[in-house]
file final_33.txt (compact mmCIF, C-alpha atoms and all ligand atoms)
# COMPACT_ATOMS: atom_id res chain seq x y z
CA MET A 1 -14.90 -37.32 -18.33
CA SER A 2 -13.15 -35.26 -21.04
CA SER A 3 -9.48 -34.38 -20.91
CA TYR A 4 -9.45 -30.63 -20.72
CA LYS A 5 -7.03 -28.11 -22.20
CA LEU A 6 -5.88 -25.14 -20.15
CA ILE A 7 -6.27 -21.77 -21.82
CA ASP A 8 -2.91 -20.19 -21.05
CA GLY A 9 -3.57 -16.45 -20.82
CA LYS A 10 -0.06 -15.81 -19.59
CA LYS A 11 1.45 -17.34 -22.73
CA ILE A 12 -0.99 -15.57 -25.08
CA SER A 13 -0.41 -12.23 -23.35
CA GLN A 14 3.34 -12.74 -23.78
CA ASP A 15 2.81 -13.44 -27.50
CA ILE A 16 0.76 -10.23 -27.78
CA GLU A 17 3.42 -8.24 -25.92
CA LYS A 18 6.05 -9.52 -28.36
CA GLU A 19 3.88 -8.42 -31.30
CA ILE A 20 3.38 -4.98 -29.75
CA ALA A 21 7.10 -4.61 -28.96
CA GLU A 22 7.88 -5.29 -32.65
CA GLU A 23 5.45 -2.53 -33.67
CA VAL A 24 7.00 -0.12 -31.19
CA LYS A 25 10.43 -0.83 -32.66
CA LEU A 26 9.09 0.04 -36.12
CA LEU A 27 7.47 3.24 -34.79
CA LYS A 28 10.78 4.27 -33.24
CA LYS A 29 12.68 3.45 -36.43
CA ASP A 30 10.25 5.63 -38.41
CA LYS A 31 10.61 8.42 -35.80
CA MET A 32 6.89 8.14 -35.01
CA LYS A 33 5.38 8.83 -31.60
CA VAL A 34 5.89 6.08 -29.02
CA PRO A 35 2.60 5.18 -27.23
CA HIS A 36 2.24 6.72 -23.77
CA LEU A 37 -0.10 5.18 -21.17
CA ALA A 38 -0.85 7.09 -17.98
CA ALA A 39 -2.55 5.67 -14.89
CA ILE A 40 -4.30 7.44 -12.03
CA LEU A 41 -4.34 5.69 -8.67
CA VAL A 42 -6.36 7.17 -5.80
CA GLY A 43 -6.02 5.86 -2.25
CA ASN A 44 -4.33 2.93 -0.57
CA ASP A 45 -6.09 -0.22 -1.79
CA PRO A 46 -3.24 -2.78 -1.82
CA ALA A 47 -4.67 -4.83 -4.70
CA SER A 48 -5.08 -1.69 -6.84
CA HIS A 49 -1.46 -0.73 -6.19
CA ILE A 50 -0.29 -4.14 -7.44
CA TYR A 51 -2.58 -4.03 -10.51
CA VAL A 52 -1.39 -0.56 -11.52
CA GLU A 53 2.27 -1.40 -10.96
CA ASN A 54 1.81 -4.45 -13.19
CA LYS A 55 0.38 -2.20 -15.92
CA VAL A 56 3.36 0.17 -15.67
CA LYS A 57 5.78 -2.80 -15.84
CA ALA A 58 4.00 -4.10 -18.95
CA CYS A 59 4.49 -0.69 -20.61
CA HIS A 60 8.22 -0.91 -19.98
CA ARG A 61 8.37 -4.45 -21.41
CA VAL A 62 6.88 -3.37 -24.75
CA GLY A 63 8.71 -0.03 -24.98
CA PHE A 64 5.77 2.31 -24.23
CA ASP A 65 6.18 5.45 -22.17
CA SER A 66 4.18 5.36 -18.95
CA THR A 67 3.37 7.74 -16.11
CA LEU A 68 1.75 6.88 -12.79
CA PHE A 69 -0.11 9.61 -10.89
CA LYS A 70 -0.82 8.73 -7.26
CA PHE A 71 -3.29 10.68 -5.12
CA SER A 72 -4.40 10.43 -1.50
CA GLU A 73 -7.51 8.59 -0.24
CA THR A 74 -9.06 11.99 0.67
CA MET A 75 -8.78 13.49 -2.82
CA THR A 76 -11.94 15.36 -3.83
CA GLU A 77 -13.97 14.46 -6.89
CA ALA A 78 -13.52 18.00 -8.26
CA LYS A 79 -9.74 17.68 -8.11
CA LEU A 80 -9.80 14.29 -9.81
CA LEU A 81 -12.09 15.55 -12.59
CA LYS A 82 -9.64 18.44 -13.14
CA GLU A 83 -6.74 15.97 -13.43
CA ILE A 84 -8.70 13.97 -15.97
CA GLU A 85 -9.46 17.11 -18.01
CA ARG A 86 -5.76 17.90 -17.97
CA MET A 87 -4.91 14.42 -19.28
CA ASN A 88 -7.62 14.67 -21.93
CA GLN A 89 -5.75 17.76 -23.23
CA ASP A 90 -2.16 16.53 -22.78
CA PRO A 91 -0.86 15.84 -26.31
CA ASP A 92 1.81 13.46 -25.06
CA ILE A 93 -0.64 11.06 -23.34
CA ASP A 94 -2.31 8.67 -25.82
CA GLY A 95 -4.39 6.75 -23.32
CA PHE A 96 -5.04 6.69 -19.59
CA ILE A 97 -6.89 4.74 -16.96
CA VAL A 98 -8.33 5.59 -13.58
CA GLN A 99 -7.93 2.50 -11.42
CA LEU A 100 -11.17 1.36 -9.78
CA PRO A 101 -12.54 1.15 -7.14
CA LEU A 102 -12.43 4.80 -6.09
CA PRO A 103 -12.99 6.17 -2.56
CA ASP A 104 -16.65 6.72 -1.61
CA GLN A 105 -16.59 10.52 -2.01
CA ILE A 106 -15.93 10.12 -5.76
CA SER A 107 -18.54 9.06 -8.32
CA GLU A 108 -17.12 6.41 -10.63
CA GLU A 109 -19.77 7.23 -13.20
CA ARG A 110 -18.80 10.94 -13.34
CA VAL A 111 -15.12 10.01 -13.47
CA ILE A 112 -15.54 7.57 -16.33
CA GLU A 113 -17.72 9.94 -18.31
CA THR A 114 -15.13 12.72 -17.98
CA ILE A 115 -12.50 10.62 -19.78
CA THR A 116 -12.36 11.48 -23.47
CA PRO A 117 -13.39 8.31 -25.39
CA GLU A 118 -10.32 8.58 -27.67
CA LYS A 119 -8.05 8.05 -24.64
CA ASP A 120 -10.33 5.64 -22.73
CA VAL A 121 -8.08 2.59 -23.09
CA ASP A 122 -10.06 0.64 -20.45
CA GLY A 123 -13.04 0.98 -22.83
CA PHE A 124 -15.31 2.01 -19.94
CA THR A 125 -17.00 5.16 -21.34
CA ASN A 126 -20.57 4.98 -22.58
CA GLN A 127 -19.41 5.90 -26.07
CA ASN A 128 -16.91 3.04 -26.33
CA TYR A 129 -19.46 0.69 -24.75
CA GLY A 130 -22.11 1.65 -27.31
CA ARG A 131 -19.65 1.39 -30.17
CA ILE A 132 -19.18 -2.34 -29.47
CA ILE A 133 -22.12 -2.84 -31.82
CA SER A 134 -20.95 -0.24 -34.36
CA PRO A 135 -19.32 -1.25 -37.65
CA GLN A 136 -16.38 0.88 -36.47
CA PRO A 137 -15.85 -0.09 -32.83
CA GLY A 138 -13.94 2.38 -30.65
CA LEU A 139 -11.69 1.13 -27.86
CA LEU A 140 -13.12 -2.18 -26.65
CA PRO A 141 -13.53 -2.86 -22.90
CA ALA A 142 -10.19 -4.42 -21.98
CA THR A 143 -11.20 -7.63 -20.18
CA PRO A 144 -13.96 -8.70 -22.63
CA PHE A 145 -11.61 -7.83 -25.52
CA GLY A 146 -8.97 -10.07 -23.92
CA ILE A 147 -11.46 -12.93 -23.56
CA MET A 148 -12.49 -12.70 -27.23
CA GLU A 149 -8.79 -12.76 -28.16
CA LEU A 150 -8.24 -15.91 -26.04
CA LEU A 151 -11.16 -17.65 -27.77
CA LYS A 152 -9.80 -16.65 -31.20
CA ARG A 153 -6.24 -17.71 -30.53
CA TYR A 154 -7.41 -21.11 -29.19
CA LYS A 155 -9.65 -21.40 -32.29
CA ILE A 156 -12.73 -21.86 -30.12
CA LYS A 157 -15.76 -21.28 -32.34
CA THR A 158 -18.49 -19.04 -30.98
CA THR A 159 -20.82 -18.76 -33.99
CA GLY A 160 -24.15 -20.39 -33.19
CA LYS A 161 -22.92 -21.57 -29.79
CA HIS A 162 -24.83 -20.92 -26.59
CA ALA A 163 -22.70 -18.60 -24.46
CA VAL A 164 -23.90 -18.09 -20.91
CA VAL A 165 -22.41 -15.07 -19.13
CA VAL A 166 -22.83 -14.95 -15.37
CA GLY A 167 -22.42 -11.35 -14.19
CA HIS A 168 -23.67 -8.10 -15.75
CA SER A 169 -21.11 -5.57 -14.53
CA ARG A 170 -20.39 -2.50 -16.60
CA THR A 171 -16.71 -3.44 -16.92
CA VAL A 172 -16.92 -7.16 -17.79
CA GLY A 173 -20.23 -9.06 -17.85
CA ALA A 174 -22.43 -6.66 -19.82
CA PRO A 175 -19.92 -5.77 -22.56
CA LEU A 176 -18.76 -9.40 -22.80
CA GLY A 177 -22.33 -10.49 -23.55
CA MET A 178 -22.52 -7.85 -26.29
CA LEU A 179 -19.21 -8.86 -27.84
CA LEU A 180 -20.07 -12.58 -27.84
CA SER A 181 -23.36 -11.79 -29.54
CA HIS A 182 -22.22 -9.16 -32.06
CA GLU A 183 -18.64 -10.10 -32.90
CA GLY A 184 -18.89 -13.75 -31.88
CA ASN A 185 -22.36 -14.50 -33.35
CA ALA A 186 -23.16 -16.58 -30.29
CA THR A 187 -26.59 -16.98 -28.71
CA VAL A 188 -26.09 -15.23 -25.39
CA THR A 189 -27.86 -15.71 -22.07
CA GLN A 190 -26.96 -13.01 -19.54
CA CYS A 191 -27.32 -14.26 -15.96
CA HIS A 192 -26.47 -12.30 -12.82
CA VAL A 193 -26.93 -12.03 -9.08
CA HIS A 194 -30.75 -11.92 -9.39
CA THR A 195 -31.08 -14.94 -11.72
CA HIS A 196 -33.36 -17.65 -10.30
CA ASN A 197 -32.17 -21.23 -10.65
CA LEU A 198 -28.74 -20.31 -12.07
CA GLU A 199 -27.73 -23.89 -12.73
CA SER A 200 -30.62 -24.43 -15.16
CA PHE A 201 -28.85 -21.86 -17.40
CA THR A 202 -25.21 -22.76 -16.76
CA LYS A 203 -25.97 -26.41 -17.62
CA GLN A 204 -27.00 -25.32 -21.12
CA ALA A 205 -23.77 -23.44 -21.83
CA ASP A 206 -21.40 -24.41 -24.63
CA ILE A 207 -19.28 -21.49 -23.44
CA LEU A 208 -19.65 -20.41 -19.81
CA CYS A 209 -18.13 -17.07 -18.74
CA VAL A 210 -18.28 -16.22 -15.06
CA ALA A 211 -17.51 -12.71 -13.76
CA VAL A 212 -19.10 -12.35 -10.35
CA GLY A 213 -16.34 -12.35 -7.72
CA LYS A 214 -17.74 -15.21 -5.62
CA PRO A 215 -15.17 -17.99 -5.17
CA GLY A 216 -16.54 -21.46 -5.89
CA LEU A 217 -19.90 -20.20 -7.28
CA ILE A 218 -19.81 -22.67 -10.18
CA THR A 219 -19.59 -26.32 -9.10
CA GLY A 220 -19.19 -29.51 -11.13
CA ASN A 221 -22.91 -30.34 -11.23
CA MET A 222 -23.68 -26.95 -12.84
CA VAL A 223 -21.95 -27.58 -16.20
CA LYS A 224 -22.30 -30.05 -19.04
CA GLU A 225 -19.58 -32.27 -20.52
CA GLY A 226 -17.38 -30.54 -23.10
CA VAL A 227 -18.10 -26.96 -21.96
CA VAL A 228 -15.58 -24.14 -22.46
CA VAL A 229 -15.18 -22.25 -19.17
CA ILE A 230 -13.84 -18.70 -18.88
CA ASP A 231 -13.33 -17.75 -15.23
CA VAL A 232 -12.97 -13.99 -14.71
CA GLY A 233 -13.13 -14.15 -10.90
CA THR A 234 -10.05 -12.93 -9.03
CA THR A 235 -10.96 -12.70 -5.35
CA ARG A 236 -8.16 -12.41 -2.81
CA VAL A 237 -8.64 -15.07 -0.14
CA LYS A 238 -6.50 -15.54 2.95
CA ASP A 239 -3.90 -18.29 2.59
CA PRO A 240 -1.28 -18.51 5.35
CA SER A 241 0.76 -20.96 3.25
CA LYS A 242 1.55 -18.14 0.77
CA LYS A 243 4.32 -15.61 1.37
CA SER A 244 1.89 -12.76 0.62
CA GLY A 245 -0.72 -14.26 2.99
CA PHE A 246 -3.35 -14.58 0.24
CA ARG A 247 -4.11 -16.32 -3.03
CA LEU A 248 -6.36 -15.44 -5.95
CA ALA A 249 -9.54 -17.52 -6.23
CA GLY A 250 -11.73 -17.80 -9.32
CA ASP A 251 -15.53 -18.08 -9.38
CA VAL A 252 -15.28 -21.67 -10.63
CA LEU A 253 -14.47 -24.65 -8.41
CA PHE A 254 -11.66 -25.75 -10.69
CA ASP A 255 -11.07 -29.29 -9.41
CA GLU A 256 -14.74 -30.24 -9.89
CA VAL A 257 -15.43 -28.36 -13.10
CA ALA A 258 -12.22 -28.85 -15.12
CA PRO A 259 -12.67 -32.63 -15.70
CA LYS A 260 -15.96 -31.88 -17.54
CA CYS A 261 -14.46 -29.13 -19.75
CA SER A 262 -12.96 -29.10 -23.22
CA PHE A 263 -11.15 -25.85 -22.34
CA ILE A 264 -10.85 -23.88 -19.11
CA THR A 265 -8.95 -20.78 -17.94
CA PRO A 266 -6.95 -21.15 -14.73
CA VAL A 267 -6.91 -18.50 -11.98
CA PRO A 268 -4.39 -16.96 -11.89
CA GLY A 269 -2.85 -17.06 -15.38
CA GLY A 270 -6.04 -17.14 -17.47
CA VAL A 271 -8.05 -13.98 -18.10
CA GLY A 272 -6.02 -11.70 -15.76
CA PRO A 273 -2.93 -11.23 -17.95
CA MET A 274 -5.18 -10.64 -20.97
CA THR A 275 -6.66 -7.47 -19.44
CA ILE A 276 -3.21 -5.91 -19.44
CA ALA A 277 -2.46 -7.16 -22.97
CA SER A 278 -5.72 -5.55 -24.18
CA LEU A 279 -4.86 -2.32 -22.42
CA LEU A 280 -1.58 -2.24 -24.34
CA LEU A 281 -3.35 -3.03 -27.64
CA ASN A 282 -5.87 -0.24 -26.97
CA THR A 283 -3.07 2.22 -26.15
CA LEU A 284 -1.27 1.34 -29.39
CA LYS A 285 -4.53 1.81 -31.32
CA ALA A 286 -5.29 5.13 -29.57
CA CYS A 287 -1.76 6.39 -30.30
CA LYS A 288 -1.95 5.45 -33.98
CA GLN A 289 -5.40 7.03 -34.37
CA ARG A 290 -4.32 10.24 -32.67
CA ASN A 291 -1.24 10.56 -34.86
CA GLU A 292 -2.72 9.54 -38.22
N1 LIG B 1 -10.11 -2.39 -11.25
C1 LIG B 1 -10.19 -3.72 -11.45
N2 LIG B 1 -10.00 -4.00 -12.75
C2 LIG B 1 -9.82 -2.84 -13.39
C3 LIG B 1 -9.56 -2.48 -14.75
O1 LIG B 1 -9.48 -3.31 -15.66
N3 LIG B 1 -9.41 -1.14 -14.99
C4 LIG B 1 -9.51 -0.20 -14.02
N4 LIG B 1 -9.36 1.08 -14.37
N5 LIG B 1 -9.74 -0.51 -12.75
C5 LIG B 1 -9.89 -1.81 -12.44
call {"tool": "encode", "arguments": {"input": "final_33.txt", "output": "structure tokens"}}
result
Amino acid sequence: MSSYKLIDGKKISQDIEKEIAEEVKLLKKDKMKVPHLAAILVGNDPASHIYVENKVKACHRVGFDSTLFKFSETMTEAKLLKEIERMNQDPDIDGFIVQLPLPDQISEERVIETITPEKDVDGFTNQNYGRIISPQPGLLPATPFGIMELLKRYKIKTTGKHAVVVGHSRTVGAPLGMLLSHEGNATVTQCHVHTHNLESFTKQADILCVAVGKPGLITGNMVKEGVVVIDVGTTRVKDPSKKSGFRLAGDVLFDEVAPKCSFITPVPGGVGPMTIASLLLNTLKACKQRNE
């Protein structure tokens, strides 16, 4: 049994926010443009409302401008695409996000591909995804970028290590595998919902990243001693003992897995806050590039 270290994403995201706030102060002093992040929220999903409000609050903390555009559940795809085109053209907006999921009548693919890559601070467009492996990356997908930053700041070596990623989503699993391989020089195994005998792969992992959205998927017998575990799962599960009536559950059964780990991210307070920190870093980068 190893004594594990918690990877404190909350603390690291606060450090990053302080660094960004310092840069914003300098920009203001030099009378340069202050970064402006806009967010589009469609519909009434309660979790999405909280996530977007947290992003707006983070903008205020670091001194960015921010604008939130809320639309009804019945909004048409054509109207949303028009809004996106307008934001693509708006010189004051440096970066924007469209909060997912979207209502069924709207194609997420068409929405994402309408966002101009220069302002795609979620890093979801095909161009930014492809540029992960370019010598000049564009805006990196926010959650994988945040995970790489956590590994760096905890001095966790990835070169030559076997990283097993469970999940191949467009927003997390797939780009995370690419980043670990290309930037991190790790040997990457990409597992997902169709993988047979998942534990035969997870047991080999030096670094195990799980982004599936199935609470308790990874149990103690599925990992080896000394593994680094990055849990991206954030599923809302009912919990009457909480004021809100729910709690956030990761994909990893923490109590069983943590004693075998060298490092592990908690849920909440691990990867979650890093997504917002990365969004801010991407917005700062987009603003600087647009005003060079
Ligand atoms: N829905 C859940 N996570 C995210 C995210 O990081 N960005 C956007 N746009 N929507 C999300």
call {"tool": "residues_around", "arguments": {"input": "final_33.txt", "residues": "stretch 161-178 of chain A", "least_positions_apart": "6", "cutoff": "9 Å", "atoms": "all atoms listed in the file", "output": "PyMOL selection string"}}
result
chain A and resi 122-124+129+132-133+140-145+147-148+184-193+198+201-202+204-213+232
call {"tool": "atom_distance", "arguments": {"input": "final_33.txt", "atom1": "atom CA of A:Val52", "atom2": "atom CA of A:Pro273"}}
result
12.6 Å
call {"tool": "residues_near_ligand", "arguments": {"input": "final_33.txt", "ligand": "ligand LIG 1 (chain B)", "cutoff": "7 Å", "atoms": "all atoms listed in the file", "output": "PyMOL selection string"}}
result
chain A and resi 48+97-101+122+142-143+275
call {"tool": "closest_residue", "arguments": {"input": "final_33.txt", "among": "A:Gly43, A:Gly95, A:Gly233, A:Pro137", "to": "A:Leu281", "atoms": "only C-alpha atoms"}}
result
A:Gly95
call {"tool": "closest_residue", "arguments": {"input": "final_33.txt", "among": "A:Gly9, A:Asp65, A:Leu41, A:Asp94", "to": "A:Asp120", "atoms": "all atoms listed in the file"}}
result
A:Asp94
call {"tool": "atom_distance", "arguments": {"input": "final_33.txt", "atom1": "atom CA of A:Ile40", "atom2": "atom CA of A:Phe64"}}
result
16.6 Å
call {"tool": "axis_aligned_box", "arguments": {"input": "final_33.txt", "around": "stretch 47-60 of chain A", "padding_each_side": "8 Å", "output": "lines of an AutoDock Vina configuration file"}}
result
center_x = 1.6
center_y = -2.3
center_z = -12.7
size_x = 29.3
size_y = 21.0
size_z = 31.9
call {"tool": "closest_residue", "arguments": {"input": "final_33.txt", "among": "A:Leu151, A:Leu279, A:Ala58, A:Leu217", "to": "A:Phe263", "atoms": "all atoms listed in the file"}}
result
A:Leu151
call {"tool": "atom_distance", "arguments": {"input": "final_33.txt", "atom1": "atom CA of A:Pro103", "atom2": "atom CA of A:Thr74"}}
result
7.7 Å
call {"tool": "residues_around", "arguments": {"input": "final_33.txt", "residues": "A:Lys82", "least_positions_apart": "4", "cutoff": "12 Å", "atoms": "only C-alpha atoms", "output": "list in words"}}
result
Met75, Thr76, Glu77, Ala78, Arg86, Met87, Asn88, Gln89, Arg110, Val111, Thr114 and Ile115 of chain A
call {"tool": "write_last_selection", "arguments": {"input": "final_33.txt", "atoms": "C-alpha atoms", "output": "PDB file, in the frame of the given file"}}
result
ATOM      1  CA  MET A  75      -8.780  13.490  -2.820  1.00  0.00           C
ATOM      2  CA  THR A  76     -11.940  15.360  -3.830  1.00  0.00           C
ATOM      3  CA  GLU A  77     -13.970  14.460  -6.890  1.00  0.00           C
ATOM      4  CA  ALA A  78     -13.520  18.000  -8.260  1.00  0.00           C
ATOM      5  CA  ARG A  86      -5.760  17.900 -17.970  1.00  0.00           C
ATOM      6  CA  MET A  87      -4.910  14.420 -19.280  1.00  0.00           C
ATOM      7  CA  ASN A  88      -7.620  14.670 -21.930  1.00  0.00           C
ATOM      8  CA  GLN A  89      -5.750  17.760 -23.230  1.00  0.00           C
ATOM      9  CA  ARG A 110     -18.800  10.940 -13.340  1.00  0.00           C
ATOM     10  CA  VAL A 111     -15.120  10.010 -13.470  1.00  0.00           C
ATOM     11  CA  THR A 114     -15.130  12.720 -17.980  1.00  0.00           C
ATOM     12  CA  ILE A 115     -12.500  10.620 -19.780  1.00  0.00           C
TER      13      ILE A 115
END
call {"tool": "build_atoms", "arguments": {"input": "final_33.txt", "residues": "stretch 6-28 of chain A", "atoms": "N, CA and C atoms", "output": "compact mmCIF listing (two decimals), in the frame of the given file"}}
result
# COMPACT_ATOMS: atom_id res chain seq x y z
N LEU A 6 -5.95 -26.44 -20.85
CA LEU A 6 -5.88 -25.14 -20.15
C LEU A 6 -5.71 -24.03 -21.17
N ILE A 7 -6.45 -22.96 -20.98
CA ILE A 7 -6.27 -21.77 -21.82
C ILE A 7 -5.23 -20.90 -21.10
N ASP A 8 -4.05 -20.81 -21.71
CA ASP A 8 -2.91 -20.19 -21.05
C ASP A 8 -2.84 -18.69 -21.38
N GLY A 9 -3.53 -17.89 -20.58
CA GLY A 9 -3.57 -16.45 -20.82
C GLY A 9 -2.21 -15.79 -20.65
N LYS A 10 -1.40 -16.39 -19.81
CA LYS A 10 -0.06 -15.81 -19.59
C LYS A 10 0.75 -15.92 -20.88
N LYS A 11 0.70 -17.11 -21.48
CA LYS A 11 1.45 -17.34 -22.73
C LYS A 11 0.91 -16.44 -23.85
N ILE A 12 -0.41 -16.39 -24.00
CA ILE A 12 -0.99 -15.57 -25.08
C ILE A 12 -0.67 -14.09 -24.86
N SER A 13 -0.71 -13.65 -23.60
CA SER A 13 -0.41 -12.23 -23.35
C SER A 13 1.06 -11.94 -23.67
N GLN A 14 1.92 -12.93 -23.43
CA GLN A 14 3.34 -12.74 -23.78
C GLN A 14 3.51 -12.66 -25.30
N ASP A 15 2.76 -13.50 -26.02
CA ASP A 15 2.81 -13.44 -27.50
C ASP A 15 2.38 -12.05 -27.98
N ILE A 16 1.28 -11.54 -27.37
CA ILE A 16 0.76 -10.23 -27.78
C ILE A 16 1.79 -9.13 -27.45
N GLU A 17 2.40 -9.25 -26.29
CA GLU A 17 3.42 -8.24 -25.92
C GLU A 17 4.57 -8.24 -26.92
N LYS A 18 4.96 -9.44 -27.37
CA LYS A 18 6.05 -9.52 -28.36
C LYS A 18 5.63 -8.82 -29.65
N GLU A 19 4.38 -9.06 -30.08
CA GLU A 19 3.88 -8.42 -31.30
C GLU A 19 3.86 -6.90 -31.15
N ILE A 20 3.44 -6.43 -29.98
CA ILE A 20 3.38 -4.98 -29.75
C ILE A 20 4.81 -4.40 -29.73
N ALA A 21 5.72 -5.10 -29.05
CA ALA A 21 7.10 -4.61 -28.96
C ALA A 21 7.71 -4.45 -30.36
N GLU A 22 7.39 -5.40 -31.27
CA GLU A 22 7.88 -5.29 -32.65
C GLU A 22 7.34 -4.02 -33.31
N GLU A 23 6.06 -3.75 -33.09
CA GLU A 23 5.45 -2.53 -33.67
C GLU A 23 6.08 -1.27 -33.11
N VAL A 24 6.38 -1.31 -31.82
CA VAL A 24 7.00 -0.12 -31.19
C VAL A 24 8.38 0.12 -31.79
N LYS A 25 9.10 -0.97 -32.04
CA LYS A 25 10.43 -0.83 -32.66
C LYS A 25 10.31 -0.14 -34.01
N LEU A 26 9.30 -0.56 -34.79
CA LEU A 26 9.09 0.04 -36.12
C LEU A 26 8.73 1.52 -35.99
N LEU A 27 7.86 1.83 -35.00
CA LEU A 27 7.47 3.24 -34.79
C LEU A 27 8.71 4.08 -34.48
N LYS A 28 9.57 3.52 -33.62
CA LYS A 28 10.78 4.27 -33.24
C LYS A 28 11.69 4.47 -34.45
